[in-house]
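Data from start.pdb: PDB, C-alpha atoms
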```pdb
ATOM      1  CA  MET A   9       0.000   0.000   0.000
ATOM      2  CA  PRO A  10       1.451   3.395  -0.959
ATOM      3  CA  LYS A  11       2.067   6.026   1.691
ATOM      4  CA  PRO A  12      -0.430   8.912   1.710
ATOM      5  CA  GLY A  13       0.678  11.724  -0.546
ATOM      6  CA  MET A  14       2.729   9.532  -2.904
ATOM      7  CA  PRO A  15       2.143   8.717  -6.585
ATOM      8  CA  LEU A  16      -0.256   5.856  -7.241
ATOM      9  CA  GLN A  17       0.434   2.811  -9.375
ATOM     10  CA  ALA A  18      -1.913   2.391 -12.328
ATOM     11  CA  ALA A  19      -3.881  -0.415 -10.673
ATOM     12  CA  LEU A  20      -4.627   1.831  -7.668
ATOM     13  CA  ILE A  21      -6.007   4.806  -9.616
ATOM     14  CA  PRO A  22      -9.663   5.076  -8.544
ATOM     15  CA  ASP A  23     -12.503   4.696 -11.041
ATOM     16  CA  CYS A  24     -14.658   7.746 -10.363
ATOM     17  CA  THR A  25     -17.302   7.177 -12.998
ATOM     18  CA  GLU A  26     -19.985   7.440 -10.312
ATOM     19  CA  PRO A  27     -20.264  10.892  -8.663
ATOM     20  CA  GLU A  28     -20.127   9.435  -5.139
ATOM     21  CA  ALA A  29     -16.907   7.578  -5.978
ATOM     22  CA  HIS A  30     -15.454  10.877  -7.239
ATOM     23  CA  ARG A  31     -16.419  12.714  -4.049
ATOM     24  CA  ALA A  32     -15.014   9.940  -1.857
ATOM     25  CA  ALA A  33     -11.724   9.772  -3.784
ATOM     26  CA  TYR A  34     -11.316  13.562  -3.666
ATOM     27  CA  ARG A  35     -12.023  13.611   0.089
ATOM     28  CA  ALA A  36      -9.453  10.843   0.597
ATOM     29  CA  ALA A  37      -6.823  12.723  -1.438
ATOM     30  CA  LYS A  38      -7.509  15.876   0.551
ATOM     31  CA  ALA A  39      -7.276  13.988   3.862
ATOM     32  CA  ASP A  40      -3.947  12.471   2.735
ATOM     33  CA  ASN A  41      -2.645  15.853   1.480
ATOM     34  CA  ALA A  42      -2.266  14.196  -1.928
ATOM     35  CA  ILE A  43      -2.640  15.240  -5.544
ATOM     36  CA  PHE A  44      -6.044  13.921  -6.638
ATOM     37  CA  VAL A  45      -6.071  11.532  -9.583
ATOM     38  CA  CYS A  46      -8.815   9.394 -11.080
ATOM     39  CA  ILE A  47     -10.177   7.861 -14.232
ATOM     40  CA  ALA A  48     -13.829   7.870 -15.249
ATOM     41  CA  ARG A  49     -15.966   6.461 -18.024
ATOM     42  CA  HIS A  50     -16.521   9.187 -20.629
ATOM     43  CA  GLY A  51     -18.890   8.183 -23.424
ATOM     44  CA  GLN A  52     -17.306   5.230 -25.234
ATOM     45  CA  GLY A  53     -13.887   5.951 -23.718
ATOM     46  CA  TRP A  54     -12.219   7.036 -20.506
ATOM     47  CA  LYS A  55     -11.168  10.327 -18.974
ATOM     48  CA  VAL A  56      -8.152  11.106 -16.767
ATOM     49  CA  GLN A  57      -8.384  13.836 -14.134
ATOM     50  CA  LEU A  58      -5.751  15.261 -11.798
ATOM     51  CA  ASP A  59      -6.246  18.128  -9.343
ATOM     52  CA  VAL A  60      -3.392  19.606  -7.321
ATOM     53  CA  MET A  61      -5.707  21.722  -5.141
ATOM     54  CA  SER A  62      -6.508  18.693  -2.981
ATOM     55  CA  SER A  63      -2.981  19.033  -1.608
ATOM     56  CA  ARG A  64      -1.966  21.648   0.958
ATOM     57  CA  LYS A  65       1.063  22.361  -1.246
ATOM     58  CA  PRO A  66      -0.706  22.841  -4.561
ATOM     59  CA  TYR A  67       2.113  24.696  -6.292
ATOM     60  CA  VAL A  68       3.503  23.048  -9.411
ATOM     61  CA  PRO A  69       6.164  25.266 -11.022
ATOM     62  CA  ASP A  70       5.674  26.690 -14.507
ATOM     63  CA  GLN A  71       8.608  24.655 -15.846
ATOM     64  CA  ALA A  72       6.920  21.459 -14.641
ATOM     65  CA  MET A  73       3.620  22.464 -16.202
ATOM     66  CA  ALA A  74       5.445  23.053 -19.496
ATOM     67  CA  VAL A  75       6.732  19.462 -19.374
ATOM     68  CA  LEU A  76       3.242  18.133 -18.613
ATOM     69  CA  GLN A  77       1.727  20.316 -21.354
ATOM     70  CA  SER A  78       4.227  18.943 -23.860
ATOM     71  CA  ALA A  79       3.412  15.356 -22.855
ATOM     72  CA  ALA A  80      -0.329  16.001 -23.169
ATOM     73  CA  GLU A  81       0.165  17.580 -26.595
ATOM     74  CA  ALA A  82       2.110  14.505 -27.704
ATOM     75  CA  LEU A  83      -0.845  12.322 -26.653
ATOM     76  CA  VAL A  84      -3.184  14.492 -28.729
ATOM     77  CA  LEU A  85      -0.858  14.458 -31.735
ATOM     78  CA  ASP A  86      -0.521  10.671 -31.730
ATOM     79  CA  GLY A  87      -4.293  10.230 -31.369
ATOM     80  CA  THR A  88      -4.269   8.694 -27.879
ATOM     81  CA  VAL A  89      -6.597  11.478 -26.675
ATOM     82  CA  GLU A  90      -8.691  14.048 -28.523
ATOM     83  CA  GLN A  91      -8.817  16.694 -25.798
ATOM     84  CA  ALA A  92      -6.337  17.727 -23.110
ATOM     85  CA  ASN A  93      -6.804  20.573 -20.664
ATOM     86  CA  ILE A  94      -3.724  21.568 -18.709
ATOM     87  CA  ALA A  95      -3.920  24.346 -16.124
ATOM     88  CA  ALA A  96      -1.669  25.305 -13.223
ATOM     89  CA  ASP A  97      -3.693  23.148 -10.835
ATOM     90  CA  TYR A  98      -5.701  20.747 -13.003
ATOM     91  CA  ILE A  99      -5.242  18.264 -15.845
ATOM     92  CA  SER A 100      -7.902  16.380 -17.782
ATOM     93  CA  MET A 101      -7.619  14.271 -20.927
ATOM     94  CA  TRP A 102     -10.252  12.369 -22.900
ATOM     95  CA  PRO A 103     -11.420  10.166 -24.596
ATOM     96  CA  ILE A 104      -8.946   7.376 -24.039
ATOM     97  CA  GLY A 105      -9.677   4.046 -25.700
ATOM     98  CA  THR A 106      -9.313   1.627 -22.799
ATOM     99  CA  GLU A 107      -9.421   1.646 -19.031
ATOM    100  CA  GLU A 108      -5.933   0.136 -18.925
ATOM    101  CA  ARG A 109      -4.479   2.938 -21.067
ATOM    102  CA  ALA A 110      -6.307   5.584 -19.002
ATOM    103  CA  ARG A 111      -4.818   4.127 -15.808
ATOM    104  CA  GLU A 112      -1.351   4.088 -17.368
ATOM    105  CA  ILE A 113      -1.619   7.748 -18.415
ATOM    106  CA  ALA A 114      -3.117   8.811 -15.066
ATOM    107  CA  ALA A 115      -0.339   7.084 -13.115
ATOM    108  CA  ALA A 116       2.377   8.623 -15.302
ATOM    109  CA  PHE A 117       1.031  12.170 -14.980
ATOM    110  CA  HIS A 118       0.406  11.695 -11.252
ATOM    111  CA  ALA A 119       4.008  10.592 -10.694
ATOM    112  CA  ALA A 120       5.336  13.388 -12.902
ATOM    113  CA  MET A 121       3.419  16.046 -10.981
ATOM    114  CA  TYR A 122       4.774  14.762  -7.670
ATOM    115  CA  CYS A 123       8.334  14.344  -8.827
ATOM    116  CA  LEU A 124       8.563  17.670 -10.635
ATOM    117  CA  ARG A 125       7.088  19.455  -7.624
ATOM    118  CA  LEU A 126       9.517  17.688  -5.263
ATOM    119  CA  LEU A 127      12.442  18.558  -7.511
ATOM    120  CA  HIS A 128      11.371  22.210  -7.510
ATOM    121  CA  ILE A 129      11.243  22.179  -3.690
ATOM    122  CA  ALA A 130      14.620  20.440  -3.348
ATOM    123  CA  VAL A 131      16.487  22.535  -5.927
ATOM    124  CA  PRO A 132      15.913  26.239  -5.369
ATOM    125  CA  SER A 133      15.529  28.502  -8.373
ATOM    126  CA  GLN A 134      18.647  30.334  -9.453
ATOM    127  CA  PRO A 135      18.440  34.116  -9.233
ATOM    128  CA  GLU A 136      18.518  36.031 -12.497
ATOM    129  CA  SER A 137      22.073  36.910 -13.550
ATOM    130  CA  SER A 138      21.215  40.623 -13.500
ATOM    131  CA  SER A 139      20.425  40.392  -9.779
ATOM    132  CA  ARG A 140      23.888  39.050  -8.952
ATOM    133  CA  PRO A 141      26.667  41.448  -8.065
ATOM    134  CA  GLY A 142      28.554  42.362 -11.202
ATOM    135  CA  GLY A 143      25.650  41.311 -13.468
ATOM    136  CA  GLY A 144      26.428  37.584 -13.033
ATOM    137  CA  ARG A 145      29.751  37.693 -14.842
TER     138      ARG A 145
END
```

Same coordinates, now as structure tokens:
Amino acid sequence: MPKPGMPLQAALIPDCTEPEAHRAAYRAAKADNAIFVCIARHGQGWKVQLDVMSSRKPYVPDQAMAVLQSAAEALVLDGTVEQANIAADYISMWPIGTEERAREIAAAFHAAMYCLRLLHIAVPSQPESSSRPGGGR
């Protein structure tokens, strides 16, 4: 069993097709201070949803969001998904052909969000060269 607040393996991503399952999974993520992730039936396919606001540390740096945006665009370009919405605190992608593929994508994005956020926390941003004495030279 994963520790609260850690990325989930594909098999553990909750199916939130039913509204009550969605509410329960979101409450659990919030209680665990975790990034919310789920899959849900969406028409003939599946949808992936992630929400950072369930965590008390919702910040995901812009550089990380650029990486996630690029990955989502690649999924659109190769036809894996038709739609992808990427915002600073939320990701959704749909339709995805199979539940297995939706779980795989959800787990990958969930892990990426955690790891990129942790890297940002561990490695402080470098100040702009113009703010260094001597202009950074």

Open item on the list: Can you spell out as a PyMOL selection string the set of residues that the PyMOL selection byres ((chain A and resi 123-133) around 6) selects in the structure I just provided?
Closed with: chain A and resi 68+72+120-122+134

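Selection check: the PyMOL selection byres ((chain A and resi 98) around 9) on the shown file gives Gln57, Leu58, Asp59, Val60, Met61, Asn93, Ile94, Ala95, Ala96, Asp97, Ile99 and Ser100 of chain A.
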
Open item on the list: With distances taken over only C-alpha atoms, which residue among A:Ala42, A:Ala36, A:Ile21, A:Ala119 lies nearest Leu76 in chain A?
Closed with: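 Residue with the minimum atom-to-atom distance to Leu76 in chain A: A:Ala119.
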
TODO: May I have the residues at most 7 Å from (-3.4, 17.5, -27.1) in the file's coordinates, counting only C-alpha atoms, as a count of residues only?
DONE: 10

TODO: Counting only C-alpha atoms, figure out which residue out of A:Gln17, A:Ser62, A:Gln52, A:Thr25 gets nearest to Ala37 in chain A.
DONE: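 The closest residue to Ala37 in chain A is A:Ser62.
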
TODO: Would you translate the PyMOL selection byres ((chain A and resi 39) around 12) into the concrete set of residues it matches in this file, as an MDAnalysis selection string?
DONE: chainID A and resid 12:13 32:38 40:44 61:64

Task: CA of Thr88 in chain A to CA of Gly51 in chain A, straight-line distance in Å - done: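 Between CA of Gly51 in chain A and CA of Thr88 in chain A the gap works out to 15.3 Å.
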
- [ ] Mind giving me the straight-line distance from CA of Glu112 in chain A to CA of Met73 in chain A in Å, one decimal?
- [x]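 Here the two named atoms are 19.1 Å from each other.
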
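Across the model, the gap from CA of Cys24 in chain A to CA of Ala48 in chain A is 5.0 Å.
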
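Among A:Pro27, A:Pro22, A:Pro15, A:Gly53, the residue with the shortest atom-to-atom distance to Arg109 in chain A, counting all atoms listed in the file, is A:Gly53.
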